[in-house]
Amino acid sequence: MTLKEASEYLGQPVATCEHGVSIYWTVVDHKVAWGSDRFLLEPVAGSGSRWVEESTMIAVRASI
């Protein structure tokens, strides 16, 4: 992934699914670690943040 492609994710809403529960996030940062693209996500509601690999993110089309 190029830097330009990664920057297109910034500020976008995404979701992750864990144990059948969808959690909605906003993408706030990007890095490459161990050869994988990772994104820093902050929840739409609540607090905290989490680094995840691109393959675990689901694009959200509608605004939350």
# chains A, B, ... in the order shown; residues from 1 in each chain; ligands from 1
>>> residues_around(residues="segment 7-11 of chain A", least_positions_apart="6", cutoff="7 Å", atoms="only C-alpha atoms", output="PyMOL selection string")
chain A and resi 26-29
>>> select_by_dssp(residues="segment 16-60 of chain A", states="strand (DSSP E or B)", output="PDB file with all heavy atoms, in the first residue's frame")
ATOM      1  N   THR A  16     -15.050  -3.224  12.944  1.00  0.00           N
ATOM      2  CA  THR A  16     -14.402  -4.508  13.153  1.00  0.00           C
ATOM      3  C   THR A  16     -15.455  -5.408  13.777  1.00  0.00           C
ATOM      4  O   THR A  16     -16.380  -4.940  14.446  1.00  0.00           O
ATOM      5  CB  THR A  16     -13.177  -4.420  14.091  1.00  0.00           C
ATOM      6  OG1 THR A  16     -13.568  -3.884  15.351  1.00  0.00           O
ATOM      7  CG2 THR A  16     -12.087  -3.557  13.490  1.00  0.00           C
ATOM      8  N   CYS A  17     -15.329  -6.695  13.542  1.00  0.00           N
ATOM      9  CA  CYS A  17     -16.292  -7.650  14.087  1.00  0.00           C
ATOM     10  C   CYS A  17     -15.539  -8.603  15.012  1.00  0.00           C
ATOM     11  O   CYS A  17     -14.584  -9.257  14.581  1.00  0.00           O
ATOM     12  CB  CYS A  17     -16.968  -8.408  12.956  1.00  0.00           C
ATOM     13  SG  CYS A  17     -18.296  -9.478  13.537  1.00  0.00           S
ATOM     14  N   GLU A  18     -15.934  -8.635  16.261  1.00  0.00           N
ATOM     15  CA  GLU A  18     -15.299  -9.506  17.245  1.00  0.00           C
ATOM     16  C   GLU A  18     -16.370 -10.306  17.971  1.00  0.00           C
ATOM     17  O   GLU A  18     -17.270  -9.724  18.574  1.00  0.00           O
ATOM     18  CB  GLU A  18     -14.496  -8.671  18.241  1.00  0.00           C
ATOM     19  CG  GLU A  18     -13.385  -7.886  17.572  1.00  0.00           C
ATOM     20  CD  GLU A  18     -12.638  -6.994  18.539  1.00  0.00           C
ATOM     21  OE1 GLU A  18     -12.597  -7.322  19.735  1.00  0.00           O
ATOM     22  OE2 GLU A  18     -12.130  -5.970  18.086  1.00  0.00           O
ATOM     23  N   VAL A  21     -19.885  -9.264  17.333  1.00  0.00           N
ATOM     24  CA  VAL A  21     -20.271  -7.906  17.684  1.00  0.00           C
ATOM     25  C   VAL A  21     -19.488  -6.929  16.797  1.00  0.00           C
ATOM     26  O   VAL A  21     -18.268  -6.996  16.735  1.00  0.00           O
ATOM     27  CB  VAL A  21     -19.975  -7.605  19.170  1.00  0.00           C
ATOM     28  CG1 VAL A  21     -20.299  -6.165  19.504  1.00  0.00           C
ATOM     29  CG2 VAL A  21     -20.740  -8.567  20.061  1.00  0.00           C
ATOM     30  N   SER A  22     -20.212  -6.035  16.120  1.00  0.00           N
ATOM     31  CA  SER A  22     -19.555  -5.022  15.295  1.00  0.00           C
ATOM     32  C   SER A  22     -19.259  -3.792  16.135  1.00  0.00           C
ATOM     33  O   SER A  22     -20.113  -3.331  16.888  1.00  0.00           O
ATOM     34  CB  SER A  22     -20.460  -4.614  14.130  1.00  0.00           C
ATOM     35  OG  SER A  22     -20.612  -5.697  13.249  1.00  0.00           O
ATOM     36  N   ILE A  23     -18.028  -3.287  16.011  1.00  0.00           N
ATOM     37  CA  ILE A  23     -17.610  -2.079  16.714  1.00  0.00           C
ATOM     38  C   ILE A  23     -17.236  -1.058  15.647  1.00  0.00           C
ATOM     39  O   ILE A  23     -16.484  -1.369  14.720  1.00  0.00           O
ATOM     40  CB  ILE A  23     -16.411  -2.352  17.637  1.00  0.00           C
ATOM     41  CG1 ILE A  23     -16.773  -3.449  18.641  1.00  0.00           C
ATOM     42  CG2 ILE A  23     -15.975  -1.074  18.350  1.00  0.00           C
ATOM     43  CD1 ILE A  23     -15.602  -3.951  19.449  1.00  0.00           C
ATOM     44  N   TYR A  24     -17.780   0.146  15.772  1.00  0.00           N
ATOM     45  CA  TYR A  24     -17.549   1.194  14.777  1.00  0.00           C
ATOM     46  C   TYR A  24     -16.451   2.141  15.238  1.00  0.00           C
ATOM     47  O   TYR A  24     -16.429   2.553  16.398  1.00  0.00           O
ATOM     48  CB  TYR A  24     -18.852   1.939  14.484  1.00  0.00           C
ATOM     49  CG  TYR A  24     -19.842   1.024  13.836  1.00  0.00           C
ATOM     50  CD1 TYR A  24     -20.766   0.322  14.581  1.00  0.00           C
ATOM     51  CD2 TYR A  24     -19.818   0.835  12.453  1.00  0.00           C
ATOM     52  CE1 TYR A  24     -21.654  -0.557  13.979  1.00  0.00           C
ATOM     53  CE2 TYR A  24     -20.703  -0.036  11.844  1.00  0.00           C
ATOM     54  CZ  TYR A  24     -21.615  -0.732  12.622  1.00  0.00           C
ATOM     55  OH  TYR A  24     -22.482  -1.603  12.018  1.00  0.00           O
ATOM     56  N   TRP A  25     -15.548   2.473  14.309  1.00  0.00           N
ATOM     57  CA  TRP A  25     -14.341   3.229  14.594  1.00  0.00           C
ATOM     58  C   TRP A  25     -14.142   4.326  13.563  1.00  0.00           C
ATOM     59  O   TRP A  25     -14.701   4.280  12.482  1.00  0.00           O
ATOM     60  CB  TRP A  25     -13.116   2.326  14.514  1.00  0.00           C
ATOM     61  CG  TRP A  25     -13.147   1.062  15.287  1.00  0.00           C
ATOM     62  CD1 TRP A  25     -13.692  -0.130  14.913  1.00  0.00           C
ATOM     63  CD2 TRP A  25     -12.577   0.830  16.577  1.00  0.00           C
ATOM     64  NE1 TRP A  25     -13.479  -1.079  15.872  1.00  0.00           N
ATOM     65  CE2 TRP A  25     -12.800  -0.525  16.907  1.00  0.00           C
ATOM     66  CE3 TRP A  25     -11.876   1.630  17.471  1.00  0.00           C
ATOM     67  CZ2 TRP A  25     -12.364  -1.083  18.102  1.00  0.00           C
ATOM     68  CZ3 TRP A  25     -11.443   1.061  18.661  1.00  0.00           C
ATOM     69  CH2 TRP A  25     -11.688  -0.269  18.974  1.00  0.00           C
ATOM     70  N   THR A  26     -13.228   5.251  13.904  1.00  0.00           N
ATOM     71  CA  THR A  26     -12.715   6.234  12.962  1.00  0.00           C
ATOM     72  C   THR A  26     -11.221   6.000  12.831  1.00  0.00           C
ATOM     73  O   THR A  26     -10.522   5.817  13.838  1.00  0.00           O
ATOM     74  CB  THR A  26     -12.974   7.671  13.464  1.00  0.00           C
ATOM     75  OG1 THR A  26     -14.378   7.842  13.624  1.00  0.00           O
ATOM     76  CG2 THR A  26     -12.458   8.704  12.479  1.00  0.00           C
ATOM     77  N   VAL A  27     -10.701   5.990  11.608  1.00  0.00           N
ATOM     78  CA  VAL A  27      -9.271   5.786  11.367  1.00  0.00           C
ATOM     79  C   VAL A  27      -8.537   7.098  11.636  1.00  0.00           C
ATOM     80  O   VAL A  27      -8.896   8.133  11.077  1.00  0.00           O
ATOM     81  CB  VAL A  27      -9.022   5.330   9.912  1.00  0.00           C
ATOM     82  CG1 VAL A  27      -7.531   5.134   9.668  1.00  0.00           C
ATOM     83  CG2 VAL A  27      -9.793   4.056   9.604  1.00  0.00           C
ATOM     84  N   VAL A  28      -7.513   7.062  12.513  1.00  0.00           N
ATOM     85  CA  VAL A  28      -6.807   8.287  12.871  1.00  0.00           C
ATOM     86  C   VAL A  28      -5.317   8.291  12.512  1.00  0.00           C
ATOM     87  O   VAL A  28      -4.689   9.344  12.506  1.00  0.00           O
ATOM     88  CB  VAL A  28      -6.981   8.630  14.374  1.00  0.00           C
ATOM     89  CG1 VAL A  28      -8.425   8.945  14.681  1.00  0.00           C
ATOM     90  CG2 VAL A  28      -6.474   7.521  15.261  1.00  0.00           C
ATOM     91  N   ASP A  29      -4.727   7.123  12.206  1.00  0.00           N
ATOM     92  CA  ASP A  29      -3.299   7.092  11.879  1.00  0.00           C
ATOM     93  C   ASP A  29      -2.977   5.806  11.130  1.00  0.00           C
ATOM     94  O   ASP A  29      -3.780   4.864  11.109  1.00  0.00           O
ATOM     95  CB  ASP A  29      -2.458   7.190  13.158  1.00  0.00           C
ATOM     96  CG  ASP A  29      -1.035   7.666  12.900  1.00  0.00           C
ATOM     97  OD1 ASP A  29      -0.689   7.938  11.741  1.00  0.00           O
ATOM     98  OD2 ASP A  29      -0.273   7.766  13.882  1.00  0.00           O
ATOM     99  N   HIS A  30      -1.797   5.753  10.542  1.00  0.00           N
ATOM    100  CA  HIS A  30      -1.324   4.605   9.771  1.00  0.00           C
ATOM    101  C   HIS A  30       0.154   4.379  10.042  1.00  0.00           C
ATOM    102  O   HIS A  30       0.898   5.337  10.264  1.00  0.00           O
ATOM    103  CB  HIS A  30      -1.528   4.868   8.273  1.00  0.00           C
ATOM    104  CG  HIS A  30      -0.844   3.860   7.393  1.00  0.00           C
ATOM    105  ND1 HIS A  30       0.364   4.119   6.796  1.00  0.00           N
ATOM    106  CD2 HIS A  30      -1.191   2.612   7.030  1.00  0.00           C
ATOM    107  CE1 HIS A  30       0.733   3.056   6.095  1.00  0.00           C
ATOM    108  NE2 HIS A  30      -0.201   2.128   6.212  1.00  0.00           N
ATOM    109  N   LYS A  31       0.565   3.112  10.023  1.00  0.00           N
ATOM    110  CA  LYS A  31       1.985   2.767  10.110  1.00  0.00           C
ATOM    111  C   LYS A  31       2.192   1.417   9.435  1.00  0.00           C
ATOM    112  O   LYS A  31       1.238   0.669   9.207  1.00  0.00           O
ATOM    113  CB  LYS A  31       2.471   2.708  11.556  1.00  0.00           C
ATOM    114  CG  LYS A  31       1.930   1.526  12.357  1.00  0.00           C
ATOM    115  CD  LYS A  31       2.505   1.518  13.771  1.00  0.00           C
ATOM    116  CE  LYS A  31       1.965   0.355  14.588  1.00  0.00           C
ATOM    117  NZ  LYS A  31       2.517   0.349  15.952  1.00  0.00           N
ATOM    118  N   VAL A  32       3.442   1.137   9.102  1.00  0.00           N
ATOM    119  CA  VAL A  32       3.814  -0.177   8.602  1.00  0.00           C
ATOM    120  C   VAL A  32       4.652  -0.825   9.683  1.00  0.00           C
ATOM    121  O   VAL A  32       5.654  -0.252  10.130  1.00  0.00           O
ATOM    122  CB  VAL A  32       4.604  -0.083   7.275  1.00  0.00           C
ATOM    123  CG1 VAL A  32       5.037  -1.464   6.818  1.00  0.00           C
ATOM    124  CG2 VAL A  32       3.771   0.599   6.208  1.00  0.00           C
ATOM    125  N   ALA A  33       4.215  -1.985  10.143  1.00  0.00           N
ATOM    126  CA  ALA A  33       4.941  -2.711  11.184  1.00  0.00           C
ATOM    127  C   ALA A  33       5.078  -4.169  10.763  1.00  0.00           C
ATOM    128  O   ALA A  33       4.080  -4.810  10.410  1.00  0.00           O
ATOM    129  CB  ALA A  33       4.205  -2.606  12.514  1.00  0.00           C
ATOM    130  N   SER A  36       3.371  -5.186   7.555  1.00  0.00           N
ATOM    131  CA  SER A  36       1.911  -5.105   7.443  1.00  0.00           C
ATOM    132  C   SER A  36       1.433  -3.677   7.662  1.00  0.00           C
ATOM    133  O   SER A  36       1.962  -2.976   8.527  1.00  0.00           O
ATOM    134  CB  SER A  36       1.243  -5.993   8.495  1.00  0.00           C
ATOM    135  OG  SER A  36       1.561  -7.342   8.288  1.00  0.00           O
ATOM    136  N   ASP A  37       0.426  -3.280   6.888  1.00  0.00           N
ATOM    137  CA  ASP A  37      -0.187  -1.976   7.100  1.00  0.00           C
ATOM    138  C   ASP A  37      -1.093  -2.067   8.321  1.00  0.00           C
ATOM    139  O   ASP A  37      -1.919  -2.976   8.421  1.00  0.00           O
ATOM    140  CB  ASP A  37      -1.017  -1.566   5.881  1.00  0.00           C
ATOM    141  CG  ASP A  37      -0.142  -1.160   4.724  1.00  0.00           C
ATOM    142  OD1 ASP A  37       0.484  -0.091   4.821  1.00  0.00           O
ATOM    143  OD2 ASP A  37      -0.080  -1.913   3.733  1.00  0.00           O
ATOM    144  N   ARG A  38      -0.926  -1.120   9.225  1.00  0.00           N
ATOM    145  CA  ARG A  38      -1.755  -1.072  10.428  1.00  0.00           C
ATOM    146  C   ARG A  38      -2.341   0.315  10.579  1.00  0.00           C
ATOM    147  O   ARG A  38      -1.714   1.310  10.222  1.00  0.00           O
ATOM    148  CB  ARG A  38      -0.930  -1.437  11.658  1.00  0.00           C
ATOM    149  CG  ARG A  38      -0.416  -2.849  11.562  1.00  0.00           C
ATOM    150  CD  ARG A  38       0.260  -3.307  12.788  1.00  0.00           C
ATOM    151  NE  ARG A  38       0.806  -4.638  12.535  1.00  0.00           N
ATOM    152  CZ  ARG A  38       1.297  -5.401  13.464  1.00  0.00           C
ATOM    153  NH1 ARG A  38       1.323  -4.998  14.707  1.00  0.00           N
ATOM    154  NH2 ARG A  38       1.769  -6.596  13.151  1.00  0.00           N
ATOM    155  N   PHE A  39      -3.542   0.346  11.123  1.00  0.00           N
ATOM    156  CA  PHE A  39      -4.257   1.603  11.294  1.00  0.00           C
ATOM    157  C   PHE A  39      -4.647   1.778  12.744  1.00  0.00           C
ATOM    158  O   PHE A  39      -5.054   0.822  13.407  1.00  0.00           O
ATOM    159  CB  PHE A  39      -5.511   1.623  10.416  1.00  0.00           C
ATOM    160  CG  PHE A  39      -5.189   1.655   8.951  1.00  0.00           C
ATOM    161  CD1 PHE A  39      -4.985   0.490   8.228  1.00  0.00           C
ATOM    162  CD2 PHE A  39      -5.054   2.868   8.296  1.00  0.00           C
ATOM    163  CE1 PHE A  39      -4.667   0.527   6.885  1.00  0.00           C
ATOM    164  CE2 PHE A  39      -4.735   2.921   6.947  1.00  0.00           C
ATOM    165  CZ  PHE A  39      -4.543   1.746   6.247  1.00  0.00           C
ATOM    166  N   LEU A  40      -4.516   3.012  13.228  1.00  0.00           N
ATOM    167  CA  LEU A  40      -4.931   3.335  14.584  1.00  0.00           C
ATOM    168  C   LEU A  40      -6.392   3.754  14.522  1.00  0.00           C
ATOM    169  O   LEU A  40      -6.759   4.668  13.791  1.00  0.00           O
ATOM    170  CB  LEU A  40      -4.080   4.467  15.166  1.00  0.00           C
ATOM    171  CG  LEU A  40      -4.394   4.864  16.608  1.00  0.00           C
ATOM    172  CD1 LEU A  40      -4.178   3.698  17.567  1.00  0.00           C
ATOM    173  CD2 LEU A  40      -3.549   6.060  17.021  1.00  0.00           C
ATOM    174  N   LEU A  41      -7.222   3.064  15.297  1.00  0.00           N
ATOM    175  CA  LEU A  41      -8.648   3.321  15.308  1.00  0.00           C
ATOM    176  C   LEU A  41      -9.077   3.861  16.659  1.00  0.00           C
ATOM    177  O   LEU A  41      -8.569   3.431  17.691  1.00  0.00           O
ATOM    178  CB  LEU A  41      -9.427   2.021  15.040  1.00  0.00           C
ATOM    179  CG  LEU A  41      -9.033   1.224  13.798  1.00  0.00           C
ATOM    180  CD1 LEU A  41      -9.904  -0.026  13.704  1.00  0.00           C
ATOM    181  CD2 LEU A  41      -9.153   2.059  12.549  1.00  0.00           C
ATOM    182  N   GLU A  42     -10.015   4.810  16.628  1.00  0.00           N
ATOM    183  CA  GLU A  42     -10.650   5.316  17.845  1.00  0.00           C
ATOM    184  C   GLU A  42     -12.140   5.062  17.711  1.00  0.00           C
ATOM    185  O   GLU A  42     -12.712   5.255  16.629  1.00  0.00           O
ATOM    186  CB  GLU A  42     -10.387   6.811  18.022  1.00  0.00           C
ATOM    187  CG  GLU A  42      -8.945   7.122  18.346  1.00  0.00           C
ATOM    188  CD  GLU A  42      -8.678   8.599  18.571  1.00  0.00           C
ATOM    189  OE1 GLU A  42      -9.564   9.437  18.257  1.00  0.00           O
ATOM    190  OE2 GLU A  42      -7.581   8.913  19.035  1.00  0.00           O
ATOM    191  N   PRO A  43     -12.803   4.619  18.777  1.00  0.00           N
ATOM    192  CA  PRO A  43     -14.225   4.297  18.674  1.00  0.00           C
ATOM    193  C   PRO A  43     -15.069   5.540  18.398  1.00  0.00           C
ATOM    194  O   PRO A  43     -14.736   6.640  18.838  1.00  0.00           O
ATOM    195  CB  PRO A  43     -14.562   3.693  20.038  1.00  0.00           C
ATOM    196  CG  PRO A  43     -13.535   4.238  20.962  1.00  0.00           C
ATOM    197  CD  PRO A  43     -12.294   4.439  20.146  1.00  0.00           C
ATOM    198  N   ARG A  50      -6.904   1.651  19.228  1.00  0.00           N
ATOM    199  CA  ARG A  50      -6.387   0.304  18.975  1.00  0.00           C
ATOM    200  C   ARG A  50      -5.735   0.264  17.600  1.00  0.00           C
ATOM    201  O   ARG A  50      -6.270   0.800  16.630  1.00  0.00           O
ATOM    202  CB  ARG A  50      -7.553  -0.664  19.021  1.00  0.00           C
ATOM    203  CG  ARG A  50      -7.210  -2.077  18.728  1.00  0.00           C
ATOM    204  CD  ARG A  50      -8.435  -2.936  18.874  1.00  0.00           C
ATOM    205  NE  ARG A  50      -8.095  -4.291  18.537  1.00  0.00           N
ATOM    206  CZ  ARG A  50      -8.953  -5.265  18.462  1.00  0.00           C
ATOM    207  NH1 ARG A  50     -10.209  -5.037  18.719  1.00  0.00           N
ATOM    208  NH2 ARG A  50      -8.564  -6.465  18.143  1.00  0.00           N
ATOM    209  N   TRP A  51      -4.562  -0.367  17.509  1.00  0.00           N
ATOM    210  CA  TRP A  51      -3.908  -0.604  16.225  1.00  0.00           C
ATOM    211  C   TRP A  51      -4.433  -1.914  15.674  1.00  0.00           C
ATOM    212  O   TRP A  51      -4.462  -2.921  16.384  1.00  0.00           O
ATOM    213  CB  TRP A  51      -2.394  -0.694  16.390  1.00  0.00           C
ATOM    214  CG  TRP A  51      -1.734   0.624  16.620  1.00  0.00           C
ATOM    215  CD1 TRP A  51      -1.330   1.132  17.820  1.00  0.00           C
ATOM    216  CD2 TRP A  51      -1.400   1.603  15.630  1.00  0.00           C
ATOM    217  NE1 TRP A  51      -0.764   2.370  17.635  1.00  0.00           N
ATOM    218  CE2 TRP A  51      -0.792   2.685  16.302  1.00  0.00           C
ATOM    219  CE3 TRP A  51      -1.554   1.680  14.253  1.00  0.00           C
ATOM    220  CZ2 TRP A  51      -0.345   3.818  15.629  1.00  0.00           C
ATOM    221  CZ3 TRP A  51      -1.106   2.810  13.589  1.00  0.00           C
ATOM    222  CH2 TRP A  51      -0.513   3.860  14.270  1.00  0.00           C
ATOM    223  N   VAL A  52      -4.860  -1.921  14.396  1.00  0.00           N
ATOM    224  CA  VAL A  52      -5.338  -3.141  13.755  1.00  0.00           C
ATOM    225  C   VAL A  52      -4.761  -3.242  12.353  1.00  0.00           C
ATOM    226  O   VAL A  52      -4.396  -2.240  11.742  1.00  0.00           O
ATOM    227  CB  VAL A  52      -6.885  -3.203  13.667  1.00  0.00           C
ATOM    228  CG1 VAL A  52      -7.515  -3.160  15.038  1.00  0.00           C
ATOM    229  CG2 VAL A  52      -7.443  -2.108  12.791  1.00  0.00           C
ATOM    230  N   GLU A  53      -4.683  -4.468  11.834  1.00  0.00           N
ATOM    231  CA  GLU A  53      -4.238  -4.674  10.466  1.00  0.00           C
ATOM    232  C   GLU A  53      -5.391  -4.375   9.515  1.00  0.00           C
ATOM    233  O   GLU A  53      -6.562  -4.544   9.863  1.00  0.00           O
ATOM    234  CB  GLU A  53      -3.734  -6.094  10.276  1.00  0.00           C
ATOM    235  CG  GLU A  53      -2.440  -6.345  11.015  1.00  0.00           C
ATOM    236  CD  GLU A  53      -1.799  -7.669  10.664  1.00  0.00           C
ATOM    237  OE1 GLU A  53      -2.264  -8.345   9.723  1.00  0.00           O
ATOM    238  OE2 GLU A  53      -0.826  -8.018  11.338  1.00  0.00           O
ATOM    239  N   ILE A  58     -13.615  -3.444   8.173  1.00  0.00           N
ATOM    240  CA  ILE A  58     -14.727  -3.519   7.227  1.00  0.00           C
ATOM    241  C   ILE A  58     -15.123  -2.095   6.892  1.00  0.00           C
ATOM    242  O   ILE A  58     -15.405  -1.300   7.792  1.00  0.00           O
ATOM    243  CB  ILE A  58     -15.918  -4.268   7.853  1.00  0.00           C
ATOM    244  CG1 ILE A  58     -15.509  -5.655   8.313  1.00  0.00           C
ATOM    245  CG2 ILE A  58     -17.083  -4.326   6.868  1.00  0.00           C
ATOM    246  CD1 ILE A  58     -16.499  -6.315   9.227  1.00  0.00           C
ATOM    247  N   ALA A  59     -15.141  -1.745   5.617  1.00  0.00           N
ATOM    248  CA  ALA A  59     -15.538  -0.387   5.213  1.00  0.00           C
ATOM    249  C   ALA A  59     -17.000  -0.148   5.563  1.00  0.00           C
ATOM    250  O   ALA A  59     -17.831  -1.018   5.408  1.00  0.00           O
ATOM    251  CB  ALA A  59     -15.316  -0.195   3.729  1.00  0.00           C
TER     252      ALA A  59
END
>>> select_by_dssp(residues="chain A", states="helix (DSSP H, G or I)", output="list in words")
Leu3, Lys4, Glu5, Ala6, Ser7, Glu54, Ser55 and Thr56 of chain A
